[in-house]
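*Asks:* Dropping in run.csv, which is CSV, C-alpha atoms:
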```
chain,number,residue,atom,x,y,z
X,1,MET,CA,-61.8,70.6,-59.3
X,2,SER,CA,-61.2,67.5,-61.4
X,3,LYS,CA,-63.1,64.3,-60.8
X,4,HIS,CA,-60.1,62.0,-60.3
X,5,GLY,CA,-57.3,64.3,-59.4
X,6,ARG,CA,-54.2,65.4,-61.3
X,7,ILE,CA,-52.2,63.0,-63.5
X,8,LEU,CA,-49.0,63.4,-65.4
X,9,VAL,CA,-49.1,61.7,-68.8
X,10,ALA,CA,-45.9,60.9,-70.8
X,11,MET,CA,-46.6,62.1,-74.3
X,12,SER,CA,-44.3,61.1,-77.1
X,13,GLY,CA,-46.3,62.7,-79.9
X,14,GLY,CA,-47.4,59.2,-81.2
X,15,VAL,CA,-50.9,57.9,-81.4
X,16,ASP,CA,-50.8,55.7,-78.3
X,17,SER,CA,-49.8,58.3,-75.7
X,18,SER,CA,-51.9,61.0,-77.4
X,19,VAL,CA,-55.0,58.9,-77.2
X,20,ALA,CA,-54.1,57.9,-73.6
X,21,SER,CA,-54.0,61.5,-72.5
X,22,VAL,CA,-57.3,62.3,-74.1
X,23,MET,CA,-59.0,59.2,-72.6
X,24,LEU,CA,-57.8,60.3,-69.1
X,25,HIS,CA,-58.9,63.9,-69.8
X,26,GLU,CA,-62.4,62.7,-70.8
X,27,GLN,CA,-62.6,60.4,-67.7
X,28,GLY,CA,-62.3,63.5,-65.5
X,29,TYR,CA,-58.6,63.6,-64.6
X,30,GLU,CA,-56.7,66.9,-64.6
X,31,VAL,CA,-54.2,65.9,-67.2
X,32,ILE,CA,-50.7,67.5,-67.5
X,33,GLY,CA,-48.7,66.3,-70.6
X,34,LEU,CA,-45.0,65.8,-70.5
X,35,THR,CA,-42.7,65.0,-73.4
X,36,MET,CA,-39.2,63.8,-72.5
X,37,LYS,CA,-36.3,64.6,-74.8
X,38,THR,CA,-33.9,61.7,-74.4
X,39,TRP,CA,-31.7,62.0,-77.4
X,40,ASP,CA,-30.8,64.2,-80.4
X,41,TYR,CA,-29.7,62.6,-83.6
X,42,ALA,CA,-26.9,65.0,-84.2
X,43,SER,CA,-25.0,63.1,-81.5
X,44,SER,CA,-25.5,59.7,-83.2
X,45,GLY,CA,-23.2,60.3,-86.2
X,46,THR,CA,-25.9,59.3,-88.7
X,47,ASN,CA,-27.4,61.0,-91.6
X,48,SER,CA,-30.9,59.9,-90.9
X,49,LYS,CA,-33.8,62.3,-90.8
X,50,GLU,CA,-34.8,63.0,-87.2
X,51,THR,CA,-37.9,61.0,-86.5
X,52,GLY,CA,-39.6,59.3,-83.6
X,53,CYS,CA,-40.3,60.3,-80.0
X,54,CYS,CA,-37.5,62.8,-79.6
X,55,SER,CA,-37.9,64.8,-82.9
X,56,LEU,CA,-39.1,68.4,-83.0
X,57,ASP,CA,-42.1,67.3,-85.0
X,58,SER,CA,-43.2,64.8,-82.3
X,59,ILE,CA,-42.7,67.3,-79.5
X,60,ASN,CA,-44.8,69.8,-81.5
X,61,ASP,CA,-47.5,67.2,-82.2
X,62,ALA,CA,-47.8,66.4,-78.4
X,63,ARG,CA,-48.0,70.1,-77.5
X,64,ALA,CA,-50.6,70.9,-80.2
X,65,LEU,CA,-52.8,68.0,-79.0
X,66,ALA,CA,-52.6,69.2,-75.3
X,67,VAL,CA,-53.4,72.8,-76.3
X,68,GLY,CA,-56.3,71.6,-78.4
X,69,TYR,CA,-57.8,69.8,-75.4
X,70,GLY,CA,-57.0,72.6,-73.0
X,71,PHE,CA,-54.4,70.9,-70.7
X,72,PRO,CA,-50.9,72.0,-70.0
X,73,HIS,CA,-47.8,70.5,-71.7
X,74,TYR,CA,-44.2,70.5,-70.6
X,75,ILE,CA,-40.9,69.4,-72.2
X,76,LEU,CA,-38.3,67.7,-70.0
X,77,ASP,CA,-34.8,67.4,-71.2
X,78,ILE,CA,-33.2,64.2,-69.8
X,79,ARG,CA,-30.5,63.8,-72.5
X,80,SER,CA,-27.8,64.0,-69.9
X,81,GLU,CA,-29.2,61.3,-67.6
X,82,PHE,CA,-30.2,59.1,-70.6
X,83,GLY,CA,-26.8,59.3,-72.2
X,84,ASP,CA,-24.9,58.7,-69.0
X,85,PHE,CA,-26.9,55.6,-68.2
X,86,VAL,CA,-28.7,54.0,-71.1
X,87,ILE,CA,-26.2,54.8,-73.9
X,88,ASP,CA,-23.1,54.2,-71.9
X,89,ASN,CA,-24.6,50.8,-70.8
X,90,PHE,CA,-25.5,50.0,-74.4
X,91,VAL,CA,-21.9,50.5,-75.5
X,92,ASP,CA,-20.4,48.8,-72.5
X,93,GLU,CA,-22.6,45.7,-73.0
X,94,TYR,CA,-21.5,45.2,-76.6
X,95,LEU,CA,-17.9,45.6,-75.6
X,96,ALA,CA,-18.5,42.9,-73.0
X,97,GLY,CA,-19.8,40.6,-75.6
X,98,ARG,CA,-23.4,40.9,-74.5
X,99,THR,CA,-26.6,42.1,-76.3
X,100,PRO,CA,-28.1,45.0,-74.4
X,101,ASN,CA,-31.8,45.8,-73.6
X,102,PRO,CA,-31.8,49.7,-73.6
X,103,CYS,CA,-35.7,50.1,-73.5
X,104,VAL,CA,-35.8,48.1,-70.2
X,105,LEU,CA,-33.0,50.2,-68.7
X,106,CYS,CA,-34.7,53.4,-69.8
X,107,ASN,CA,-38.0,52.4,-68.3
X,108,THR,CA,-36.5,51.2,-65.1
X,109,HIS,CA,-33.9,53.8,-64.3
X,110,ILE,CA,-34.7,56.9,-66.4
X,111,LYS,CA,-38.3,57.5,-67.6
X,112,TRP,CA,-40.2,56.4,-64.5
X,113,GLU,CA,-37.9,58.2,-62.1
X,114,ALA,CA,-38.0,61.4,-64.3
X,115,LEU,CA,-41.8,61.2,-64.6
X,116,LEU,CA,-42.4,60.7,-60.8
X,117,LYS,CA,-39.9,63.4,-59.9
X,118,ARG,CA,-41.7,65.9,-62.1
X,119,ALA,CA,-45.1,64.5,-60.9
X,120,ASP,CA,-44.2,65.4,-57.3
X,121,LYS,CA,-43.3,69.0,-58.3
X,122,LEU,CA,-46.6,69.4,-60.2
X,123,ASP,CA,-48.6,67.8,-57.4
X,124,CYS,CA,-49.7,64.8,-59.5
X,125,GLU,CA,-50.7,61.7,-57.6
X,126,PHE,CA,-50.3,59.4,-60.6
X,127,ILE,CA,-48.4,59.1,-63.9
X,128,ALA,CA,-49.6,57.4,-67.1
X,129,THR,CA,-48.0,56.1,-70.2
X,130,GLY,CA,-49.3,54.7,-73.5
X,131,HIS,CA,-47.9,51.2,-72.9
X,132,TYR,CA,-50.1,48.2,-73.9
X,133,ALA,CA,-50.2,46.6,-70.4
X,134,ASN,CA,-52.5,46.4,-67.4
X,135,ILE,CA,-51.8,46.9,-63.7
X,136,ARG,CA,-53.7,46.0,-60.6
X,137,LYS,CA,-53.2,45.5,-56.9
X,138,HIS,CA,-53.0,41.8,-55.9
X,139,ASP,CA,-54.5,40.2,-52.8
X,140,ASN,CA,-50.9,40.1,-51.4
X,141,GLY,CA,-50.7,43.8,-51.5
X,142,ARG,CA,-48.3,44.0,-54.5
X,143,TYR,CA,-48.8,45.8,-57.7
X,144,VAL,CA,-49.0,43.4,-60.6
X,145,VAL,CA,-48.4,44.1,-64.3
X,146,SER,CA,-50.2,41.9,-66.7
X,147,LYS,CA,-50.3,41.6,-70.5
X,148,GLY,CA,-52.3,44.0,-72.6
X,149,LEU,CA,-55.4,42.8,-74.4
X,150,ASP,CA,-53.7,43.1,-77.8
X,151,GLU,CA,-51.2,40.2,-77.8
X,152,ASN,CA,-49.4,41.7,-80.8
X,153,LYS,CA,-48.8,45.0,-79.0
X,154,ASP,CA,-48.3,43.8,-75.4
X,155,GLN,CA,-45.4,45.7,-73.8
X,156,SER,CA,-45.3,44.0,-70.4
X,157,TYR,CA,-41.9,42.5,-71.4
X,158,VAL,CA,-40.2,45.9,-71.2
X,159,LEU,CA,-41.8,46.7,-67.8
X,160,TRP,CA,-40.3,44.0,-65.6
X,161,GLY,CA,-37.8,46.4,-64.0
X,162,VAL,CA,-40.3,49.0,-62.7
X,163,SER,CA,-40.3,49.0,-58.9
X,164,GLN,CA,-43.3,48.4,-56.7
X,165,GLN,CA,-43.0,51.9,-55.4
X,166,ASN,CA,-43.3,53.3,-59.0
X,167,LEU,CA,-46.0,50.9,-60.1
X,168,ALA,CA,-48.2,52.0,-57.2
X,169,ARG,CA,-48.5,55.4,-58.9
X,170,THR,CA,-48.8,54.2,-62.5
X,171,LYS,CA,-51.7,53.9,-64.9
X,172,PHE,CA,-51.9,52.2,-68.3
X,173,PRO,CA,-55.1,53.4,-70.0
X,174,LEU,CA,-54.6,51.4,-73.1
X,175,GLY,CA,-54.3,48.0,-71.6
X,176,SER,CA,-57.8,46.8,-72.4
X,177,PHE,CA,-57.8,48.0,-76.0
X,178,THR,CA,-56.3,46.8,-79.3
X,179,LYS,CA,-54.1,49.0,-81.5
X,180,ALA,CA,-56.9,49.1,-84.1
X,181,GLU,CA,-59.3,50.5,-81.5
X,182,ILE,CA,-56.8,53.1,-80.5
X,183,ARG,CA,-56.3,54.2,-84.1
X,184,GLN,CA,-60.0,54.4,-84.5
X,185,MET,CA,-60.3,56.5,-81.4
X,186,ALA,CA,-57.8,58.9,-82.9
X,187,MET,CA,-59.9,59.1,-86.1
X,188,ASP,CA,-63.0,59.7,-84.0
X,189,MET,CA,-61.2,62.6,-82.4
X,190,GLY,CA,-60.6,64.1,-85.8
X,191,GLN,CA,-56.8,63.4,-85.5
X,192,MET,CA,-56.4,61.7,-89.0
X,193,GLU,CA,-52.7,62.4,-89.3
X,194,LEU,CA,-52.1,61.1,-85.8
X,195,ALA,CA,-54.2,57.9,-86.5
X,196,ALA,CA,-52.1,57.3,-89.6
X,197,LYS,CA,-48.7,57.7,-87.9
X,198,SER,CA,-46.3,54.8,-88.6
X,199,GLU,CA,-44.6,53.1,-85.7
X,200,SER,CA,-40.9,52.8,-85.1
X,201,TYR,CA,-39.5,49.6,-83.8
X,202,GLU,CA,-35.9,51.0,-83.8
X,203,ILE,CA,-33.9,51.9,-80.7
X,204,CYS,CA,-34.6,55.6,-80.3
X,205,PHE,CA,-30.9,56.6,-80.4
X,206,VAL,CA,-30.0,54.3,-83.3
X,207,PRO,CA,-32.3,55.8,-85.9
X,208,ASP,CA,-31.2,53.8,-88.9
X,209,ASN,CA,-31.2,50.6,-86.8
X,210,ASP,CA,-27.5,50.2,-87.5
X,211,TYR,CA,-26.0,49.6,-84.1
X,212,ARG,CA,-22.6,48.7,-85.6
X,213,ALA,CA,-22.3,52.2,-87.1
X,214,PHE,CA,-23.4,53.7,-83.8
X,215,LEU,CA,-20.7,51.8,-81.9
X,216,ARG,CA,-18.0,52.9,-84.4
X,217,HIS,CA,-19.1,56.5,-83.9
X,218,LYS,CA,-19.1,56.2,-80.1
X,219,VAL,CA,-15.9,54.2,-79.6
X,220,GLU,CA,-12.7,55.7,-81.0
X,221,ASP,CA,-10.7,53.4,-83.2
X,222,LEU,CA,-13.0,50.5,-82.4
X,223,GLU,CA,-12.6,48.7,-85.7
X,224,GLU,CA,-8.8,48.9,-85.6
X,225,ARG,CA,-8.9,47.5,-82.0
X,226,VAL,CA,-11.2,44.5,-82.7
X,227,ALA,CA,-10.9,43.6,-86.4
X,228,GLY,CA,-9.2,40.4,-87.4
X,229,GLY,CA,-10.3,38.1,-84.6
X,230,ASN,CA,-11.0,34.4,-85.3
X,231,PHE,CA,-14.2,32.7,-86.2
X,232,VAL,CA,-13.9,29.3,-84.6
X,233,LEU,CA,-16.1,26.1,-84.5
X,234,THR,CA,-17.2,24.6,-81.2
X,235,ASP,CA,-14.2,22.3,-81.2
X,236,GLY,CA,-11.8,25.3,-81.6
X,237,THR,CA,-11.1,24.9,-85.3
X,238,VAL,CA,-10.3,28.3,-86.8
X,239,VAL,CA,-12.5,28.8,-90.0
X,240,GLY,CA,-11.9,32.5,-90.8
X,241,LYS,CA,-11.5,36.1,-89.6
X,242,HIS,CA,-14.3,38.4,-88.5
X,243,GLN,CA,-14.7,42.2,-88.3
X,244,GLY,CA,-14.7,42.4,-84.5
X,245,TYR,CA,-16.6,40.6,-81.7
X,246,PRO,CA,-18.9,43.6,-80.8
X,247,PHE,CA,-20.4,43.5,-84.2
X,248,TYR,CA,-22.0,40.1,-83.7
X,249,THR,CA,-24.9,38.8,-81.6
X,250,ILE,CA,-25.9,35.3,-80.3
X,251,GLY,CA,-28.1,33.6,-82.9
X,252,GLN,CA,-26.9,35.7,-85.8
X,253,ARG,CA,-26.8,33.8,-89.1
X,254,LYS,CA,-26.9,36.5,-91.8
X,255,GLY,CA,-24.0,39.0,-92.4
X,256,LEU,CA,-21.3,36.8,-91.1
X,257,GLY,CA,-19.2,37.1,-94.2
X,258,ILE,CA,-18.2,33.5,-94.2
X,259,ALA,CA,-19.5,30.5,-96.1
X,260,LEU,CA,-19.1,27.0,-94.7
X,261,GLY,CA,-21.5,25.1,-97.0
X,262,HIS,CA,-24.4,25.0,-94.5
X,263,PRO,CA,-26.1,27.5,-92.2
X,264,MET,CA,-24.0,28.5,-89.2
X,265,PHE,CA,-24.9,30.7,-86.2
X,266,VAL,CA,-23.1,32.7,-83.6
X,267,THR,CA,-23.3,30.5,-80.5
X,268,ARG,CA,-20.8,32.3,-78.2
X,269,ILE,CA,-18.7,35.5,-78.1
X,270,ASP,CA,-15.5,35.7,-76.1
X,271,PRO,CA,-14.4,39.4,-75.8
X,272,ALA,CA,-11.2,38.5,-73.9
X,273,THR,CA,-9.8,36.7,-77.0
X,274,ASN,CA,-11.9,38.5,-79.7
X,275,THR,CA,-13.3,35.1,-80.7
X,276,VAL,CA,-16.7,34.5,-82.2
X,277,VAL,CA,-17.8,30.8,-82.0
X,278,LEU,CA,-20.0,29.4,-84.8
X,279,GLY,CA,-22.2,26.4,-84.6
X,280,THR,CA,-25.2,24.6,-86.0
X,281,GLN,CA,-28.8,25.2,-85.1
X,282,ASP,CA,-28.5,22.3,-82.6
X,283,GLU,CA,-25.5,23.8,-81.0
X,284,LEU,CA,-27.4,27.1,-80.4
X,285,GLU,CA,-30.1,25.4,-78.4
X,286,ARG,CA,-30.2,25.2,-74.6
X,287,LYS,CA,-32.5,23.8,-71.9
X,288,GLN,CA,-31.3,25.9,-69.0
X,289,ALA,CA,-30.6,29.6,-68.3
X,290,TRP,CA,-29.4,31.7,-65.4
X,291,VAL,CA,-30.8,35.3,-64.9
X,292,ARG,CA,-29.2,38.2,-62.9
X,293,ASN,CA,-30.4,41.6,-61.7
X,294,LEU,CA,-33.8,40.2,-60.7
X,295,ASN,CA,-36.8,42.4,-60.1
X,296,LEU,CA,-39.9,40.4,-58.9
X,297,VAL,CA,-43.3,41.9,-59.5
X,298,LYS,CA,-46.1,39.6,-58.5
X,299,TYR,CA,-44.4,37.9,-55.5
X,300,GLU,CA,-41.8,39.1,-53.1
X,301,SER,CA,-39.7,36.0,-53.7
X,302,ILE,CA,-39.8,32.7,-55.6
X,303,ALA,CA,-38.0,30.4,-53.2
X,304,GLU,CA,-39.8,27.2,-54.3
X,305,PRO,CA,-39.8,26.0,-57.9
X,306,ILE,CA,-42.9,27.2,-59.8
X,307,GLU,CA,-44.1,26.7,-63.4
X,308,ALA,CA,-43.9,29.8,-65.6
X,309,VAL,CA,-43.7,30.8,-69.2
X,310,THR,CA,-40.3,32.5,-69.9
X,311,LYS,CA,-39.7,34.9,-72.8
X,312,ILE,CA,-36.1,35.5,-73.7
X,313,ARG,CA,-36.7,38.3,-76.2
X,314,TYR,CA,-39.5,40.8,-76.9
X,315,LYS,CA,-41.1,38.9,-79.8
X,316,ASP,CA,-40.5,35.5,-78.3
X,317,ALA,CA,-43.7,33.5,-77.8
X,318,GLY,CA,-42.4,32.1,-74.6
X,319,THR,CA,-41.5,28.6,-73.4
X,320,GLN,CA,-42.9,26.6,-70.5
X,321,SER,CA,-40.3,26.4,-67.8
X,322,THR,CA,-39.6,25.8,-64.1
X,323,ILE,CA,-38.1,28.7,-62.3
X,324,VAL,CA,-36.6,29.0,-58.8
X,325,GLN,CA,-34.7,31.8,-57.1
X,326,MET,CA,-31.2,31.0,-56.1
X,327,GLY,CA,-30.0,33.9,-54.0
X,328,GLU,CA,-29.5,36.9,-56.4
X,329,HIS,CA,-30.1,34.8,-59.5
X,330,MET,CA,-33.0,32.9,-61.1
X,331,LYS,CA,-32.5,29.4,-62.5
X,332,VAL,CA,-34.7,28.6,-65.5
X,333,ASP,CA,-35.2,25.0,-66.6
X,334,PHE,CA,-37.0,25.0,-70.0
X,335,HIS,CA,-39.3,22.2,-70.7
X,336,HIS,CA,-38.2,22.3,-74.4
X,337,LEU,CA,-35.0,23.3,-76.1
X,338,VAL,CA,-34.7,27.1,-76.6
X,339,SER,CA,-32.6,28.7,-79.3
X,340,GLY,CA,-30.6,31.8,-79.1
X,341,ILE,CA,-30.2,32.6,-75.4
X,342,ALA,CA,-28.3,35.9,-75.6
X,343,PRO,CA,-26.5,37.2,-72.5
X,344,GLY,CA,-27.6,40.8,-71.8
X,345,GLN,CA,-31.1,40.3,-73.1
X,346,SER,CA,-34.1,40.2,-70.7
X,347,ALA,CA,-35.7,37.0,-69.5
X,348,VAL,CA,-39.2,37.7,-68.4
X,349,PHE,CA,-41.4,35.3,-66.4
X,350,TYR,CA,-45.2,35.0,-66.7
X,351,GLU,CA,-47.9,33.2,-64.7
X,352,GLY,CA,-50.8,33.2,-67.1
X,353,ASN,CA,-51.0,36.8,-68.2
X,354,ASP,CA,-49.3,38.1,-65.0
X,355,LEU,CA,-45.8,39.3,-65.0
X,356,LEU,CA,-43.9,37.5,-62.3
X,357,GLY,CA,-40.7,39.5,-62.9
X,358,GLY,CA,-37.5,39.4,-64.9
X,359,GLY,CA,-33.8,40.0,-65.2
X,360,PHE,CA,-30.9,39.8,-67.6
X,361,LEU,CA,-29.7,36.6,-69.1
X,362,MET,CA,-26.2,35.5,-68.0
```
Could you spell out this file's structure in structure tokens?

*Replies:*
Amino acid sequence: MSKHGRILVAMSGGVDSSVASVMLHEQGYEVIGLTMKTWDYASSGTNSKETGCCSLDSINDARALAVGYGFPHYILDIRSEFGDFVIDNFVDEYLAGRTPNPCVLCNTHIKWEALLKRADKLDCEFIATGHYANIRKHDNGRYVVSKGLDENKDQSYVLWGVSQQNLARTKFPLGSFTKAEIRQMAMDMGQMELAAKSESYEICFVPDNDYRAFLRHKVEDLEERVAGGNFVLTDGTVVGKHQGYPFYTIGQRKGLGIALGHPMFVTRIDPATNTVVLGTQDELERKQAWVRNLNLVKYESIAEPIEAVTKIRYKDAGTQSTIVQMGEHMKVDFHHLVSGIAPGQSAVFYEGNDLLGGGFLM
């Protein structure tokens, strides 16, 4: 009988989830490893070598580690659910002129649900992942996610959508460690190749990081349908033709294929007219944002204005702001001008290191 009970650990084959599984094993949990296959690159239309969390090598690495430490390992094929939800949403968002956040959707609607469904079948009370984040139960009874110790690796931003019900059964073993410490642990385990594994910052189903090629592959005749729209200035002046509105994102400066004598940025995208609006850095800045599809973590509601730090993208340092819930939306008043607010990206709110919640920028 294990000391702490049975726990299902999501194992990608990378250093983080591998070390997390061994840590829990050594703490006395009865660990069961699970690798989820979300995607196969043959479906992406790219020529890239299959790498990352869904490759055969990664699956084999996860299984070999589990076998070496004497705990079971399973593979769960969720390609159908993943494709139907995450990939379809990814395409639909770009076609709507927005910039999607697939990792958030995957965590919220696919991975946690799949893990807990399998955990129930395997009689596991908890699940664990290799995310750099922390979790605790607050005095108000809610489960609160907070930033991981390693600020450079903190992944709380992509966890804002996980429900209270699912957080109650989740553990993040790496939250109080730095990436360097985790790599050292892998070396101490004798796992030199694992410790030296490089990290991928790409979207798992866009292996070469070229989302435009992915869209062309997924949407028949896309280029023919959207090419030749107008680049316009804020006042409506037409200054050139573009390749099609889905191939641009808010804040983009490079790769526009147009020279106006000074730096210009994409400030707005209008899919109805296939128009891409260009403006200066000043015209890209905003002091207010509205957020939809809210999920609150620390508090049940935020009916009165409170001070928070709001991050509008994963690597954003965050901006001091005042937030207040207005029905199904959150109004965010930034204390300083913020550049590049992109509809479809996540806005995530923090109180100190605690995750208040988040939603999608409108």

*Asks:* Work out how far atom CA of X:Ala272 is from atom CA of X:Glu93, in Å to one decimal.

*Replies:*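 Atom-to-atom, atom CA of X:Glu93 and atom CA of X:Ala272 are spaced 13.5 Å apart.
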
*Asks:* X:Gly13, X:Val22, X:His138, X:Ile32: which is nearest X:Asp57, counting all atoms listed in the file?

*Replies:*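 When distances to X:Asp57 are compared using all atoms listed in the file, the smallest one comes from X:Gly13.
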
*Asks:* Between X:Leu122, X:Ala133, X:Ala96, X:Ile127, which residue has the minimum interatomic distance to X:Leu24, considering all atoms listed in the file?

*Replies:*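 Ranking X:Leu122, X:Ala133, X:Ala96, X:Ile127 by distance to X:Leu24, first place goes to X:Ile127.
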
*Asks:* Taking 2 positions as the minimum chain separation for residues in the same chain, which residues sit within 9 Å of X:Leu233 when counting all atoms listed in the file? Answer as a PyMOL selection string.

*Replies:* chain X and resi 231+235-239+276-279

*Asks:* Contacts of X:Lys287 at 10 Å or less, counting only C-alpha atoms, minus same-chain residues fewer than 2 places along, as a list in words?

*Replies:*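 My list of contacting residues is Glu285, Ala289, Ser321, Val332, Asp333, Phe334, His335, His336, Leu337, Val338, Ser339 and Ile341 of chain X.
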
*Asks:* Just C-alpha atoms for this one: save the residues we selected as a PDB file, in the frame of the given file.

*Replies:*
```pdb
ATOM      1  CA  GLU X 285     -30.100  25.400 -78.400  1.00  0.00           C
ATOM      2  CA  ALA X 289     -30.600  29.600 -68.300  1.00  0.00           C
ATOM      3  CA  SER X 321     -40.300  26.400 -67.800  1.00  0.00           C
ATOM      4  CA  VAL X 332     -34.700  28.600 -65.500  1.00  0.00           C
ATOM      5  CA  ASP X 333     -35.200  25.000 -66.600  1.00  0.00           C
ATOM      6  CA  PHE X 334     -37.000  25.000 -70.000  1.00  0.00           C
ATOM      7  CA  HIS X 335     -39.300  22.200 -70.700  1.00  0.00           C
ATOM      8  CA  HIS X 336     -38.200  22.300 -74.400  1.00  0.00           C
ATOM      9  CA  LEU X 337     -35.000  23.300 -76.100  1.00  0.00           C
ATOM     10  CA  VAL X 338     -34.700  27.100 -76.600  1.00  0.00           C
ATOM     11  CA  SER X 339     -32.600  28.700 -79.300  1.00  0.00           C
ATOM     12  CA  ILE X 341     -30.200  32.600 -75.400  1.00  0.00           C
TER      13      ILE X 341
END
```

*Asks:* Pick out the residues sitting within 12 Å of X:Lys3, and hand them over as a list in words; count all atoms listed in the file, and ignore anything fewer than 5 positions along from it in its own chain.

*Replies:*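 Residues meeting the cut-off are Leu24, His25, Glu26, Gln27, Gly28, Tyr29, Glu30 and Val31 of chain X.
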
*Asks:* Can you tell me which residues surround X:Glu224 at a distance of at most 10 Å, considering only C-alpha atoms, apart from same-chain residues fewer than 3 positions away, and format the answer as an MDAnalysis selection string?

*Replies:* chainID X and resid 220:221 227:228 243:244

*Asks:* Tell me, in Å to one decimal, how far atom CA of X:Ala119 is from atom CA of X:Leu76.

*Replies:*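 Rounded to one decimal, the two atoms are 11.8 Å apart.
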
*Asks:* Which one is closest to X:Asn107: X:His131, X:Arg63, X:Arg292, X:Lys254? Count all atoms listed in the file.

*Replies:*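 With all atoms listed in the file as the atom set, the closest residue is X:His131.
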
*Asks:* Just the residues within 10 Å of X:Phe172, please, counting all atoms listed in the file, with nothing from its chain fewer than 5 positions along; format it as a PyMOL selection string.

*Replies:* chain X and resi 9+17+20+127-135+145+148

*Asks:* Enumerate, in order of chain and increasing residue number, the residues of stretch 69-147 of chain X with an atom no farther than 10 Å from stretch 209-217 of chain X, each with its shortest atom pair and distance in Å to one decimal, counting all atoms listed in the file, as CSV.

*Replies:*
```
residue,atom,partner,partner_atom,distance
X:Phe90,CA,X:Leu215,CA,9.1
X:Val91,CA,X:Leu215,CA,6.6
X:Asp92,CA,X:Leu215,CA,9.9
X:Tyr94,CA,X:Leu215,CA,8.5
X:Leu95,CA,X:Leu215,CA,9.3
```

*Asks:* Pick from X:Gln191, X:Asn101, X:Thr35, X:Ser176: nearest to X:Arg313, with only C-alpha atoms counted?

*Replies:*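 Looking only at the distances to X:Arg313, the closest residue turns out to be X:Asn101.
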
*Asks:* Quick one: of X:Leu116, X:Leu355, X:Met362, X:Met23, who's nearest to X:Met185, counting all atoms listed in the file?

*Replies:*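 Of the candidates, the smallest distance to X:Met185 is held by X:Met23.
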
*Asks:* Suppose you want the space between atom CA of X:Asp354 and atom CA of X:Lys147; what is it in Å?

*Replies:* 6.6 Å

*Asks:* With distances taken over all atoms listed in the file, which of X:Ala62, X:Ile269, X:Leu149, X:Ala168 is nearest to X:Glu181?

*Replies:* X:Leu149

*Asks:* So which residues fall inside 12 Å of (-36.1, 59.2, -67.9) if we count all atoms listed in the file? Mind giving them as a short mmCIF file (atom, residue, chain, number, x, y, z; two decimals) with C-alpha atoms, keeping the file's coordinate frame?

*Replies:*
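And here is the file that came out, part-v2.cif:
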```cif
data_model
loop_
_atom_site.label_atom_id
_atom_site.label_comp_id
_atom_site.auth_asym_id
_atom_site.auth_seq_id
_atom_site.Cartn_x
_atom_site.Cartn_y
_atom_site.Cartn_z
CA ALA X 10 -45.90 60.90 -70.80
CA LEU X 34 -45.00 65.80 -70.50
CA THR X 35 -42.70 65.00 -73.40
CA MET X 36 -39.20 63.80 -72.50
CA LYS X 37 -36.30 64.60 -74.80
CA THR X 38 -33.90 61.70 -74.40
CA TRP X 39 -31.70 62.00 -77.40
CA LEU X 76 -38.30 67.70 -70.00
CA ASP X 77 -34.80 67.40 -71.20
CA ILE X 78 -33.20 64.20 -69.80
CA ARG X 79 -30.50 63.80 -72.50
CA SER X 80 -27.80 64.00 -69.90
CA GLU X 81 -29.20 61.30 -67.60
CA PHE X 82 -30.20 59.10 -70.60
CA GLY X 83 -26.80 59.30 -72.20
CA ASP X 84 -24.90 58.70 -69.00
CA PHE X 85 -26.90 55.60 -68.20
CA VAL X 86 -28.70 54.00 -71.10
CA PRO X 102 -31.80 49.70 -73.60
CA CYS X 103 -35.70 50.10 -73.50
CA VAL X 104 -35.80 48.10 -70.20
CA LEU X 105 -33.00 50.20 -68.70
CA CYS X 106 -34.70 53.40 -69.80
CA ASN X 107 -38.00 52.40 -68.30
CA THR X 108 -36.50 51.20 -65.10
CA HIS X 109 -33.90 53.80 -64.30
CA ILE X 110 -34.70 56.90 -66.40
CA LYS X 111 -38.30 57.50 -67.60
CA TRP X 112 -40.20 56.40 -64.50
CA GLU X 113 -37.90 58.20 -62.10
CA ALA X 114 -38.00 61.40 -64.30
CA LEU X 115 -41.80 61.20 -64.60
CA LEU X 116 -42.40 60.70 -60.80
CA LYS X 117 -39.90 63.40 -59.90
CA ARG X 118 -41.70 65.90 -62.10
#
```
